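Working notes, beginning with the structure itself.
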Amino acid sequence: MRLHPEIAEALQTRKPVVALESTVITHGLPRPTNLELARTLEATVRQAGAIPATIAVVKGQVVVGLEPEELEALSRDEGAEKASLWNLGALLAQGKWAGTTVAATAFLAHKAGIPVFATGGIGGVHPHPYDESADLLELSRTPILVVSAGPKSILNLAATLERLETFGVALLGYRTNHLPAFHSPQSPYPLPARVESPEEAARAFLAARGLGLPGATLVLNPISQGLPFGQVQRWVEQATQEAARAGVIGKALTPFLLRRISELSGGQTDVANLRLLQENARLAAEIARALAQDGEAPKR
């Protein structure tokens, strides 16, 4: 693992740092929007008073804090892999380039000593049998604070919420009592706890760490200007039916669904995606600052 000198110094002196994933660069958005967003997210974290740490695999090495030229190269590499926990070791051994998923980023950020991680939407339980994201298990066993706009819209939200509860992942609605649904600011599903400020979220995280709870604290941040929940669900249902008719399964399914939902919405979901990513990066930086100011930075 290679830490950028700025990040290594920040962790040593307990300055606020926010980890950022990189599959949004390699697999989430078209070029050159992916590079523009990556730069925007890093700038957003800095403007909010923290130091960004974009995590990726570069030539078989885990890199925490990409250099500008590495960020550009990753955004252009159409052959970049998607690094999750099940293939991370092989990607390192083979000298590959890869973007890190939520699961891999959470694991690597915690290993580097970064307590806060900002992402867009987490993975979860798909409507199709036996298809569950590795994000769920990783969040159950890695004590890190993750800021997210909720599970991705294509998921079975009720099942995902139940699985998070079963796994003991702490759920905090940020100024909301209901689960945000990625593109939509809320869903019909109630949350167990609510916080009103970055400071309150930081205190809840430190309390969980003080108890030695093994899992993550998931701060669920509703998008400020999202799309109606019912409308998004109709797009998801139509896209899912089209995928079934076309025989799209496995790894190809999620990219197909997200692309088709974008088309059905006339690009509205893409606009929402960019907005929520920036809002989550900003909130994560504010929580990281609150943790740093607390003077009780959580230990690895």
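Naming scheme: A, B, ... for chains in displayed order of the structure tokens; residues 1 onward per chain; ligands 1 onward as shown.
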
Hey, which bits of range 97-172 of chain A sit within 12 Å of range 234-256 of chain A, and for each residue what's the closest pair of atoms and how far apart in Å (one decimal), counting only C-alpha atoms, rows by chain and increasing number, as a tab-separated table?
```
residue	atom	partner	partner_atom	distance
A:Gly123	CA	A:Thr254	CA	10.4
A:Gly124	CA	A:Thr254	CA	11.8
A:His126	CA	A:Thr254	CA	9.5
A:Pro127	CA	A:Thr240	CA	9.3
A:His128	CA	A:Ile249	CA	9.5
A:Pro129	CA	A:Gly250	CA	11.4
A:Tyr130	CA	A:Gly250	CA	10.9
A:Asp131	CA	A:Gly250	CA	8.6
A:Glu132	CA	A:Gly250	CA	11.3
A:Ser133	CA	A:Thr254	CA	11.2
A:Lys152	CA	A:Thr254	CA	10.0
A:Ser153	CA	A:Val236	CA	7.4
A:Ile154	CA	A:Val236	CA	5.9
A:Leu155	CA	A:Val236	CA	9.0
A:Asn156	CA	A:Val236	CA	10.6
```

For Ala43 in chain A, work out the shell of residues within 12 Å, counting only C-alpha atoms and skipping chain neighbours fewer than 3 positions away, then give it as a list in words.
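Using only C-alpha atoms, the neighbours found are Val18, Leu20, Glu36, Leu37, Ala38, Arg39, Thr40, Arg46, Gln47, Ala48, Gly49, Ala50, Ile51, Pro52, Ala53, Thr54, Gln278, Ala281, Arg282 and Ala285 of chain A.
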
Save out the residues we just selected, C-alpha atoms, as a PDB file, in the first residue's frame.
```
ATOM      1  CA  VAL A  18     -11.992  11.419   3.573  1.00  0.00           C
ATOM      2  CA  LEU A  20     -13.158   8.193  -1.974  1.00  0.00           C
ATOM      3  CA  GLU A  36     -14.278  15.740 -14.196  1.00  0.00           C
ATOM      4  CA  LEU A  37     -16.289  14.209 -11.360  1.00  0.00           C
ATOM      5  CA  ALA A  38     -13.222  12.699  -9.687  1.00  0.00           C
ATOM      6  CA  ARG A  39     -11.558  16.107  -9.628  1.00  0.00           C
ATOM      7  CA  THR A  40     -14.768  17.759  -8.438  1.00  0.00           C
ATOM      8  CA  ARG A  46     -10.916  20.198   0.275  1.00  0.00           C
ATOM      9  CA  GLN A  47     -13.376  23.090   0.216  1.00  0.00           C
ATOM     10  CA  ALA A  48     -15.153  21.524   3.193  1.00  0.00           C
ATOM     11  CA  GLY A  49     -11.914  21.440   5.176  1.00  0.00           C
ATOM     12  CA  ALA A  50     -10.650  17.875   4.764  1.00  0.00           C
ATOM     13  CA  ILE A  51      -8.071  16.051   2.644  1.00  0.00           C
ATOM     14  CA  PRO A  52      -9.324  13.697  -0.109  1.00  0.00           C
ATOM     15  CA  ALA A  53      -7.878  10.208  -0.448  1.00  0.00           C
ATOM     16  CA  THR A  54      -9.026   8.568  -3.674  1.00  0.00           C
ATOM     17  CA  GLN A 278     -20.865  15.870  -4.252  1.00  0.00           C
ATOM     18  CA  ALA A 281     -18.365  14.161  -0.154  1.00  0.00           C
ATOM     19  CA  ARG A 282     -19.165  17.478   1.532  1.00  0.00           C
ATOM     20  CA  ALA A 285     -15.620  16.092   5.106  1.00  0.00           C
TER      21      ALA A 285
END
```

Would you kindly return, as a list of chain:residue names, each protein, DNA or RNA residue with an atom no farther than 9 Å from any atom of range 222-231 of chain A, considering only C-alpha atoms and excluding same-chain residues fewer than 6 positions away?
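Result of the neighbour search: A:Ser148, A:Ala149, A:Gly150, A:Gly173, A:Tyr174, A:Arg175, A:Thr176, A:Leu179, A:Pro180, A:Ala181, A:Phe182, A:His183, A:Ser184, A:Pro185, A:Gln186, A:Ser187, A:Pro188, A:Gln268, A:Thr269, A:Ala272, A:Asn273, A:Arg275, A:Leu276, A:Leu277, A:Glu279, A:Asn280.
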
Those of range 55-134 of chain A in DSSP strand (DSSP E or B), formatted as a list in words:
Ile55, Ala56, Val57, Val58, Gln61, Val62, Val63, Val64, Glu81, Lys82, Ala83, Ala98, Gly99, Thr100, Val116, Phe117, Ala118, Ile122, Val125 and Glu132 of chain A

Okay, now the selection with N, CA, C and O atoms, as a PDB file, in the first residue's frame?
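Listing of out_16.pdb after writing:
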```
ATOM      1  N   ILE A  55      -8.857   6.146  -3.571  1.00  0.00           N
ATOM      2  CA  ILE A  55      -8.177   4.856  -3.462  1.00  0.00           C
ATOM      3  C   ILE A  55      -8.385   4.060  -4.750  1.00  0.00           C
ATOM      4  O   ILE A  55      -9.493   4.018  -5.294  1.00  0.00           O
ATOM      5  N   ALA A  56      -7.309   3.446  -5.233  1.00  0.00           N
ATOM      6  CA  ALA A  56      -7.385   2.635  -6.450  1.00  0.00           C
ATOM      7  C   ALA A  56      -6.219   1.658  -6.469  1.00  0.00           C
ATOM      8  O   ALA A  56      -5.326   1.702  -5.607  1.00  0.00           O
ATOM      9  N   VAL A  57      -6.244   0.775  -7.451  1.00  0.00           N
ATOM     10  CA  VAL A  57      -5.120  -0.128  -7.698  1.00  0.00           C
ATOM     11  C   VAL A  57      -4.402   0.366  -8.938  1.00  0.00           C
ATOM     12  O   VAL A  57      -4.996   0.494 -10.013  1.00  0.00           O
ATOM     13  N   VAL A  58      -3.117   0.677  -8.784  1.00  0.00           N
ATOM     14  CA  VAL A  58      -2.296   1.216  -9.872  1.00  0.00           C
ATOM     15  C   VAL A  58      -1.111   0.292 -10.103  1.00  0.00           C
ATOM     16  O   VAL A  58      -0.251   0.132  -9.232  1.00  0.00           O
ATOM     17  N   GLN A  61      -0.511  -2.143  -7.333  1.00  0.00           N
ATOM     18  CA  GLN A  61      -0.257  -1.604  -5.998  1.00  0.00           C
ATOM     19  C   GLN A  61      -1.471  -0.826  -5.516  1.00  0.00           C
ATOM     20  O   GLN A  61      -2.059  -0.036  -6.271  1.00  0.00           O
ATOM     21  N   VAL A  62      -1.857  -1.043  -4.264  1.00  0.00           N
ATOM     22  CA  VAL A  62      -2.915  -0.238  -3.665  1.00  0.00           C
ATOM     23  C   VAL A  62      -2.367   1.156  -3.423  1.00  0.00           C
ATOM     24  O   VAL A  62      -1.326   1.334  -2.785  1.00  0.00           O
ATOM     25  N   VAL A  63      -3.070   2.159  -3.949  1.00  0.00           N
ATOM     26  CA  VAL A  63      -2.634   3.554  -3.800  1.00  0.00           C
ATOM     27  C   VAL A  63      -3.732   4.322  -3.072  1.00  0.00           C
ATOM     28  O   VAL A  63      -4.890   4.318  -3.492  1.00  0.00           O
ATOM     29  N   VAL A  64      -3.365   4.960  -1.992  1.00  0.00           N
ATOM     30  CA  VAL A  64      -4.284   5.776  -1.197  1.00  0.00           C
ATOM     31  C   VAL A  64      -3.894   7.234  -1.417  1.00  0.00           C
ATOM     32  O   VAL A  64      -2.940   7.725  -0.835  1.00  0.00           O
ATOM     33  N   GLU A  81      -9.906  -2.917 -14.261  1.00  0.00           N
ATOM     34  CA  GLU A  81     -10.778  -3.894 -13.623  1.00  0.00           C
ATOM     35  C   GLU A  81     -11.605  -3.225 -12.524  1.00  0.00           C
ATOM     36  O   GLU A  81     -11.384  -2.068 -12.158  1.00  0.00           O
ATOM     37  N   LYS A  82     -12.533  -4.000 -11.987  1.00  0.00           N
ATOM     38  CA  LYS A  82     -13.308  -3.575 -10.820  1.00  0.00           C
ATOM     39  C   LYS A  82     -12.812  -4.405  -9.634  1.00  0.00           C
ATOM     40  O   LYS A  82     -13.003  -5.624  -9.604  1.00  0.00           O
ATOM     41  N   ALA A  83     -12.188  -3.744  -8.673  1.00  0.00           N
ATOM     42  CA  ALA A  83     -11.560  -4.453  -7.555  1.00  0.00           C
ATOM     43  C   ALA A  83     -12.520  -4.574  -6.386  1.00  0.00           C
ATOM     44  O   ALA A  83     -12.911  -3.580  -5.777  1.00  0.00           O
ATOM     45  N   ALA A  98      -7.104  -0.922 -11.436  1.00  0.00           N
ATOM     46  CA  ALA A  98      -8.481  -1.212 -11.055  1.00  0.00           C
ATOM     47  C   ALA A  98      -9.069  -0.094 -10.216  1.00  0.00           C
ATOM     48  O   ALA A  98      -8.365   0.571  -9.445  1.00  0.00           O
ATOM     49  N   GLY A  99     -10.369   0.087 -10.377  1.00  0.00           N
ATOM     50  CA  GLY A  99     -11.122   0.949  -9.478  1.00  0.00           C
ATOM     51  C   GLY A  99     -11.618   0.115  -8.318  1.00  0.00           C
ATOM     52  O   GLY A  99     -11.954  -1.056  -8.478  1.00  0.00           O
ATOM     53  N   THR A 100     -11.671   0.694  -7.129  1.00  0.00           N
ATOM     54  CA  THR A 100     -12.097  -0.050  -5.953  1.00  0.00           C
ATOM     55  C   THR A 100     -13.587   0.173  -5.680  1.00  0.00           C
ATOM     56  O   THR A 100     -14.081   1.297  -5.727  1.00  0.00           O
ATOM     57  N   VAL A 116     -13.261   7.864   7.748  1.00  0.00           N
ATOM     58  CA  VAL A 116     -14.459   8.342   7.046  1.00  0.00           C
ATOM     59  C   VAL A 116     -14.320   8.089   5.545  1.00  0.00           C
ATOM     60  O   VAL A 116     -13.271   8.348   4.952  1.00  0.00           O
ATOM     61  N   PHE A 117     -15.409   7.633   4.944  1.00  0.00           N
ATOM     62  CA  PHE A 117     -15.432   7.255   3.532  1.00  0.00           C
ATOM     63  C   PHE A 117     -16.728   7.773   2.918  1.00  0.00           C
ATOM     64  O   PHE A 117     -17.811   7.564   3.459  1.00  0.00           O
ATOM     65  N   ALA A 118     -16.634   8.461   1.787  1.00  0.00           N
ATOM     66  CA  ALA A 118     -17.806   8.978   1.077  1.00  0.00           C
ATOM     67  C   ALA A 118     -18.005   8.217  -0.225  1.00  0.00           C
ATOM     68  O   ALA A 118     -17.056   8.026  -0.989  1.00  0.00           O
ATOM     69  N   ILE A 122     -24.656   2.406  -1.877  1.00  0.00           N
ATOM     70  CA  ILE A 122     -24.046   1.126  -1.525  1.00  0.00           C
ATOM     71  C   ILE A 122     -24.732   0.005  -2.301  1.00  0.00           C
ATOM     72  O   ILE A 122     -25.859   0.149  -2.768  1.00  0.00           O
ATOM     73  N   VAL A 125     -28.996  -6.209  -1.685  1.00  0.00           N
ATOM     74  CA  VAL A 125     -29.666  -7.419  -2.136  1.00  0.00           C
ATOM     75  C   VAL A 125     -30.406  -7.122  -3.440  1.00  0.00           C
ATOM     76  O   VAL A 125     -31.256  -6.232  -3.490  1.00  0.00           O
ATOM     77  N   GLU A 132     -26.149 -10.904  -4.001  1.00  0.00           N
ATOM     78  CA  GLU A 132     -25.979  -9.915  -2.940  1.00  0.00           C
ATOM     79  C   GLU A 132     -24.593  -9.307  -3.051  1.00  0.00           C
ATOM     80  O   GLU A 132     -23.614  -9.999  -3.323  1.00  0.00           O
TER      81      GLU A 132
END
```

Between A:Ala109, A:Thr101, A:Thr44, A:His4, single out the one closest to Pro68 in chain A, counting only C-alpha atoms.
A:His4

Taking only C-alpha atoms into account, name the residue in A:Gly168, A:Pro151, A:Gly95, A:Pro32 that is nearest to Leu71 in chain A.
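When distances to Leu71 in chain A are compared using only C-alpha atoms, the smallest one comes from A:Pro32.
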
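With distances restricted to only C-alpha atoms, A:Val146 is the closest residue to Leu218 in chain A from A:Val146, A:Leu137, A:Leu257, A:Leu3.
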
Go through A:Thr119, A:Asn87, A:Thr160, A:Ser265 and flag the residue nearest Ser22 in chain A, using only C-alpha atoms for the distances.
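Looking at the shortest contact to Ser22 in chain A, the residue is A:Thr119.
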